[in-house]
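**Student:** Before I ask anything, here is the structure I am working with.
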Amino acid sequence: MNAVKVLVTFGSSASIAFGIWHFFVPRAWKWYSYIHPSAAELVTAVRAVNVFFSLSLVLFGVMNLLFIFGGRANRYAVVVLLAATCILWLTRVVMQAVYPQGSLYPGLQYGMLAAFLLVWLAYTAALVLEVLRVPAAG
């Protein structure tokens with residue numbers, strides 16, 4: 001397996017795992033208990049955003065795997081998808097650095113930052129390798 005496939009497999013596995021885990025975060029962390037009972041629309045909005053976010057992580061992870069391993073995507077499509085995924089994960093890294101989550105437990109926010117950085121670096125390295133790859137003759 002080449003380096004791009006290894007890097008995308010790592011990044012996609014992490015993306016999919018984060019996405020699946022995030023479906024259960026509101027219940028595990030009792031998100032809705034922090035929202036005033038009269039703010040029913042806010043509960044609905046938070047639920048919708050979380051489902052959309054969680055599903056997006058899973059779908060991006062799956063799409064990256066399908067594009068890299070499926071053998072049907074052209075190079076342009078792979079580069080565009082990897083670039084979009086890199087932008088999403090870089091945004092998450094920046095958000096974690098500027099507005100850290102996980103501050104309730106010592107070290108958790110830094111562990112989250114490290115995890116997000118690793119995923120972003122894996123996708124970014126795969127993108128760079130794909131952009132620099134010399135297309136096969138033919």
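Residues in the structure tokens are named by chain (A, B, ... in the order shown) and by number from 1 within that chain; ligands are numbered from 1 in the order shown.
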Within 12 Å of region 4-18 of chain A, counting only C-alpha atoms, which residues qualify if same-chain residues fewer than 4 places away don't, as an MDAnalysis selection string?

**Tutor:** chainID A and resid 22:25 50 53:71 78:79 81:82 85:86 88:89 92 112 115:133

**Student:** Only C-alpha atoms, please: the residues just picked out, written as a PDB file, in the first residue's frame.

**Tutor:**
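Okay, this is what ended up in result08.pdb:
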ATOM      1  CA  HIS A  22     -20.035  12.512  18.116  1.00  0.00           C
ATOM      2  CA  PHE A  23     -23.541  11.146  17.493  1.00  0.00           C
ATOM      3  CA  PHE A  24     -23.489  10.098  21.171  1.00  0.00           C
ATOM      4  CA  VAL A  25     -21.781  13.182  22.651  1.00  0.00           C
ATOM      5  CA  ASN A  50     -24.604  17.867  15.784  1.00  0.00           C
ATOM      6  CA  PHE A  53     -21.613  17.556  11.765  1.00  0.00           C
ATOM      7  CA  SER A  54     -21.365  13.917  12.834  1.00  0.00           C
ATOM      8  CA  LEU A  55     -22.723  12.642   9.539  1.00  0.00           C
ATOM      9  CA  SER A  56     -20.366  14.952   7.619  1.00  0.00           C
ATOM     10  CA  LEU A  57     -17.345  13.508   9.407  1.00  0.00           C
ATOM     11  CA  VAL A  58     -18.473   9.978   8.598  1.00  0.00           C
ATOM     12  CA  LEU A  59     -19.285  10.825   4.968  1.00  0.00           C
ATOM     13  CA  PHE A  60     -16.018  12.677   4.341  1.00  0.00           C
ATOM     14  CA  GLY A  61     -14.082   9.768   5.814  1.00  0.00           C
ATOM     15  CA  VAL A  62     -15.954   7.249   3.673  1.00  0.00           C
ATOM     16  CA  MET A  63     -15.660   9.389   0.523  1.00  0.00           C
ATOM     17  CA  ASN A  64     -11.905   9.757   0.964  1.00  0.00           C
ATOM     18  CA  LEU A  65     -11.549   5.993   1.310  1.00  0.00           C
ATOM     19  CA  LEU A  66     -13.754   5.342  -1.727  1.00  0.00           C
ATOM     20  CA  PHE A  67     -11.847   7.856  -3.849  1.00  0.00           C
ATOM     21  CA  ILE A  68      -8.426   6.510  -2.840  1.00  0.00           C
ATOM     22  CA  PHE A  69      -9.220   2.786  -2.981  1.00  0.00           C
ATOM     23  CA  GLY A  70     -12.033   2.699  -5.567  1.00  0.00           C
ATOM     24  CA  GLY A  71      -9.798   3.287  -8.552  1.00  0.00           C
ATOM     25  CA  VAL A  78      -8.945  13.206  -5.300  1.00  0.00           C
ATOM     26  CA  VAL A  79      -7.026  16.478  -4.895  1.00  0.00           C
ATOM     27  CA  LEU A  81     -11.677  16.127  -1.931  1.00  0.00           C
ATOM     28  CA  LEU A  82      -8.415  15.965   0.027  1.00  0.00           C
ATOM     29  CA  THR A  85     -10.959  17.673   4.007  1.00  0.00           C
ATOM     30  CA  CYS A  86      -7.712  19.449   4.909  1.00  0.00           C
ATOM     31  CA  LEU A  88     -12.167  21.232   7.473  1.00  0.00           C
ATOM     32  CA  TRP A  89      -9.587  19.658   9.772  1.00  0.00           C
ATOM     33  CA  ARG A  92     -10.941  22.269  13.717  1.00  0.00           C
ATOM     34  CA  MET A 112      -7.808  16.789  21.535  1.00  0.00           C
ATOM     35  CA  ALA A 115      -5.535  14.241  17.777  1.00  0.00           C
ATOM     36  CA  PHE A 116      -6.944  16.932  15.488  1.00  0.00           C
ATOM     37  CA  LEU A 117      -3.425  17.898  14.402  1.00  0.00           C
ATOM     38  CA  LEU A 118      -2.561  14.278  13.580  1.00  0.00           C
ATOM     39  CA  VAL A 119      -5.655  13.867  11.418  1.00  0.00           C
ATOM     40  CA  TRP A 120      -5.025  17.165   9.647  1.00  0.00           C
ATOM     41  CA  LEU A 121      -1.347  16.309   9.089  1.00  0.00           C
ATOM     42  CA  ALA A 122      -2.239  12.890   7.674  1.00  0.00           C
ATOM     43  CA  TYR A 123      -4.664  14.382   5.172  1.00  0.00           C
ATOM     44  CA  THR A 124      -2.301  17.266   4.351  1.00  0.00           C
ATOM     45  CA  ALA A 125       0.630  14.922   3.753  1.00  0.00           C
ATOM     46  CA  ALA A 126      -1.589  12.763   1.510  1.00  0.00           C
ATOM     47  CA  LEU A 127      -2.672  15.877  -0.395  1.00  0.00           C
ATOM     48  CA  VAL A 128       0.916  17.058  -0.889  1.00  0.00           C
ATOM     49  CA  LEU A 129       2.006  13.605  -2.059  1.00  0.00           C
ATOM     50  CA  GLU A 130      -0.925  13.413  -4.464  1.00  0.00           C
ATOM     51  CA  VAL A 131      -0.236  16.886  -5.883  1.00  0.00           C
ATOM     52  CA  LEU A 132       3.467  16.074  -6.345  1.00  0.00           C
ATOM     53  CA  ARG A 133       2.829  12.627  -7.823  1.00  0.00           C
TER      54      ARG A 133
END

**Student:** For the alpha helix (DSSP H) assignment from backbone DSSP, which residues of chain A qualify? Please present them as a PDB file with C-alpha atoms, in the first residue's frame.

**Tutor:**
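The result, stored in out07.pdb:
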ATOM      1  CA  ALA A   3       1.895   6.317   1.480  1.00  0.00           C
ATOM      2  CA  VAL A   4      -1.182   8.236   0.265  1.00  0.00           C
ATOM      3  CA  LYS A   5      -3.406   5.227   0.952  1.00  0.00           C
ATOM      4  CA  VAL A   6      -1.890   4.725   4.415  1.00  0.00           C
ATOM      5  CA  LEU A   7      -2.303   8.402   5.328  1.00  0.00           C
ATOM      6  CA  VAL A   8      -5.859   8.615   4.000  1.00  0.00           C
ATOM      7  CA  THR A   9      -6.780   5.361   5.753  1.00  0.00           C
ATOM      8  CA  PHE A  10      -5.503   6.767   9.059  1.00  0.00           C
ATOM      9  CA  GLY A  11      -7.216  10.149   8.594  1.00  0.00           C
ATOM     10  CA  SER A  12     -10.452   8.610   7.374  1.00  0.00           C
ATOM     11  CA  SER A  13     -10.572   6.039  10.161  1.00  0.00           C
ATOM     12  CA  ALA A  14     -10.155   8.841  12.691  1.00  0.00           C
ATOM     13  CA  SER A  15     -12.760  11.012  10.929  1.00  0.00           C
ATOM     14  CA  ILE A  16     -15.280   8.185  10.853  1.00  0.00           C
ATOM     15  CA  ALA A  17     -14.581   7.300  14.493  1.00  0.00           C
ATOM     16  CA  PHE A  18     -14.949  10.941  15.590  1.00  0.00           C
ATOM     17  CA  GLY A  19     -18.178  11.179  13.596  1.00  0.00           C
ATOM     18  CA  ILE A  20     -19.714   8.035  15.070  1.00  0.00           C
ATOM     19  CA  TRP A  21     -18.621   9.025  18.578  1.00  0.00           C
ATOM     20  CA  HIS A  22     -20.035  12.512  18.116  1.00  0.00           C
ATOM     21  CA  PHE A  23     -23.541  11.146  17.493  1.00  0.00           C
ATOM     22  CA  VAL A  25     -21.781  13.182  22.651  1.00  0.00           C
ATOM     23  CA  PRO A  26     -24.955  15.167  23.505  1.00  0.00           C
ATOM     24  CA  ARG A  27     -26.299  12.348  25.639  1.00  0.00           C
ATOM     25  CA  ALA A  28     -22.942  11.383  27.165  1.00  0.00           C
ATOM     26  CA  ALA A  40     -36.873  24.213  22.816  1.00  0.00           C
ATOM     27  CA  GLU A  41     -35.811  25.631  19.440  1.00  0.00           C
ATOM     28  CA  LEU A  42     -32.214  25.838  20.668  1.00  0.00           C
ATOM     29  CA  VAL A  43     -32.286  22.150  21.615  1.00  0.00           C
ATOM     30  CA  THR A  44     -33.631  21.333  18.152  1.00  0.00           C
ATOM     31  CA  ALA A  45     -30.944  23.479  16.501  1.00  0.00           C
ATOM     32  CA  VAL A  46     -28.091  21.977  18.525  1.00  0.00           C
ATOM     33  CA  ARG A  47     -29.381  18.483  17.751  1.00  0.00           C
ATOM     34  CA  ALA A  48     -29.580  19.255  14.023  1.00  0.00           C
ATOM     35  CA  VAL A  49     -26.101  20.805  13.910  1.00  0.00           C
ATOM     36  CA  ASN A  50     -24.604  17.867  15.784  1.00  0.00           C
ATOM     37  CA  VAL A  51     -26.256  15.280  13.522  1.00  0.00           C
ATOM     38  CA  PHE A  52     -25.172  17.194  10.413  1.00  0.00           C
ATOM     39  CA  PHE A  53     -21.613  17.556  11.765  1.00  0.00           C
ATOM     40  CA  SER A  54     -21.365  13.917  12.834  1.00  0.00           C
ATOM     41  CA  LEU A  55     -22.723  12.642   9.539  1.00  0.00           C
ATOM     42  CA  SER A  56     -20.366  14.952   7.619  1.00  0.00           C
ATOM     43  CA  LEU A  57     -17.345  13.508   9.407  1.00  0.00           C
ATOM     44  CA  VAL A  58     -18.473   9.978   8.598  1.00  0.00           C
ATOM     45  CA  LEU A  59     -19.285  10.825   4.968  1.00  0.00           C
ATOM     46  CA  PHE A  60     -16.018  12.677   4.341  1.00  0.00           C
ATOM     47  CA  GLY A  61     -14.082   9.768   5.814  1.00  0.00           C
ATOM     48  CA  VAL A  62     -15.954   7.249   3.673  1.00  0.00           C
ATOM     49  CA  MET A  63     -15.660   9.389   0.523  1.00  0.00           C
ATOM     50  CA  ASN A  64     -11.905   9.757   0.964  1.00  0.00           C
ATOM     51  CA  LEU A  65     -11.549   5.993   1.310  1.00  0.00           C
ATOM     52  CA  LEU A  66     -13.754   5.342  -1.727  1.00  0.00           C
ATOM     53  CA  PHE A  67     -11.847   7.856  -3.849  1.00  0.00           C
ATOM     54  CA  ILE A  68      -8.426   6.510  -2.840  1.00  0.00           C
ATOM     55  CA  PHE A  69      -9.220   2.786  -2.981  1.00  0.00           C
ATOM     56  CA  GLY A  70     -12.033   2.699  -5.567  1.00  0.00           C
ATOM     57  CA  ARG A  75      -6.581  12.803  -9.825  1.00  0.00           C
ATOM     58  CA  TYR A  76      -8.394  16.149  -9.877  1.00  0.00           C
ATOM     59  CA  ALA A  77     -11.320  14.760  -7.852  1.00  0.00           C
ATOM     60  CA  VAL A  78      -8.945  13.206  -5.300  1.00  0.00           C
ATOM     61  CA  VAL A  79      -7.026  16.478  -4.895  1.00  0.00           C
ATOM     62  CA  VAL A  80     -10.232  18.521  -4.519  1.00  0.00           C
ATOM     63  CA  LEU A  81     -11.677  16.127  -1.931  1.00  0.00           C
ATOM     64  CA  LEU A  82      -8.415  15.965   0.027  1.00  0.00           C
ATOM     65  CA  ALA A  83      -8.099  19.769  -0.074  1.00  0.00           C
ATOM     66  CA  ALA A  84     -11.642  20.213   1.264  1.00  0.00           C
ATOM     67  CA  THR A  85     -10.959  17.673   4.007  1.00  0.00           C
ATOM     68  CA  CYS A  86      -7.712  19.449   4.909  1.00  0.00           C
ATOM     69  CA  ILE A  87      -9.539  22.782   5.196  1.00  0.00           C
ATOM     70  CA  LEU A  88     -12.167  21.232   7.473  1.00  0.00           C
ATOM     71  CA  TRP A  89      -9.587  19.658   9.772  1.00  0.00           C
ATOM     72  CA  LEU A  90      -7.370  22.763   9.793  1.00  0.00           C
ATOM     73  CA  THR A  91     -10.415  24.751  10.869  1.00  0.00           C
ATOM     74  CA  ARG A  92     -10.941  22.269  13.717  1.00  0.00           C
ATOM     75  CA  VAL A  93      -7.280  22.586  14.759  1.00  0.00           C
ATOM     76  CA  VAL A  94      -7.494  26.397  14.775  1.00  0.00           C
ATOM     77  CA  MET A  95     -10.780  26.337  16.701  1.00  0.00           C
ATOM     78  CA  GLN A  96      -9.246  24.001  19.290  1.00  0.00           C
ATOM     79  CA  ALA A  97      -6.191  26.274  19.632  1.00  0.00           C
ATOM     80  CA  VAL A  98      -8.217  29.502  19.902  1.00  0.00           C
ATOM     81  CA  LEU A 108      -7.789  16.667  27.600  1.00  0.00           C
ATOM     82  CA  GLN A 109      -7.773  19.870  25.562  1.00  0.00           C
ATOM     83  CA  TYR A 110      -4.156  19.199  24.556  1.00  0.00           C
ATOM     84  CA  GLY A 111      -4.950  15.596  23.725  1.00  0.00           C
ATOM     85  CA  MET A 112      -7.808  16.789  21.535  1.00  0.00           C
ATOM     86  CA  LEU A 113      -5.524  19.313  19.843  1.00  0.00           C
ATOM     87  CA  ALA A 114      -2.920  16.599  19.238  1.00  0.00           C
ATOM     88  CA  ALA A 115      -5.535  14.241  17.777  1.00  0.00           C
ATOM     89  CA  PHE A 116      -6.944  16.932  15.488  1.00  0.00           C
ATOM     90  CA  LEU A 117      -3.425  17.898  14.402  1.00  0.00           C
ATOM     91  CA  LEU A 118      -2.561  14.278  13.580  1.00  0.00           C
ATOM     92  CA  VAL A 119      -5.655  13.867  11.418  1.00  0.00           C
ATOM     93  CA  TRP A 120      -5.025  17.165   9.647  1.00  0.00           C
ATOM     94  CA  LEU A 121      -1.347  16.309   9.089  1.00  0.00           C
ATOM     95  CA  ALA A 122      -2.239  12.890   7.674  1.00  0.00           C
ATOM     96  CA  TYR A 123      -4.664  14.382   5.172  1.00  0.00           C
ATOM     97  CA  THR A 124      -2.301  17.266   4.351  1.00  0.00           C
ATOM     98  CA  ALA A 125       0.630  14.922   3.753  1.00  0.00           C
ATOM     99  CA  ALA A 126      -1.589  12.763   1.510  1.00  0.00           C
ATOM    100  CA  LEU A 127      -2.672  15.877  -0.395  1.00  0.00           C
ATOM    101  CA  VAL A 128       0.916  17.058  -0.889  1.00  0.00           C
ATOM    102  CA  LEU A 129       2.006  13.605  -2.059  1.00  0.00           C
ATOM    103  CA  GLU A 130      -0.925  13.413  -4.464  1.00  0.00           C
ATOM    104  CA  VAL A 131      -0.236  16.886  -5.883  1.00  0.00           C
ATOM    105  CA  LEU A 132       3.467  16.074  -6.345  1.00  0.00           C
TER     106      LEU A 132
END

**Student:** I'd like the interatomic distance between CA of Tyr105 (chain A) and CA of Pro37 (chain A), to a tenth of an Å.

**Tutor:**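 Answer for the CA of Tyr105 (chain A) to CA of Pro37 (chain A) separation: 27.1 Å.
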
**Student:** Between CA of Asn74 (chain A) and CA of Pro135 (chain A), measure the distance and give it in Å to one decimal.

**Tutor:** 10.6 Å

**Student:** Between CA of Trp31 (chain A) and CA of Ser103 (chain A), what is the distance, to one decimal in Å?

**Tutor:**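 Taking CA of Trp31 (chain A) and CA of Ser103 (chain A), their separation equals 15.5 Å.
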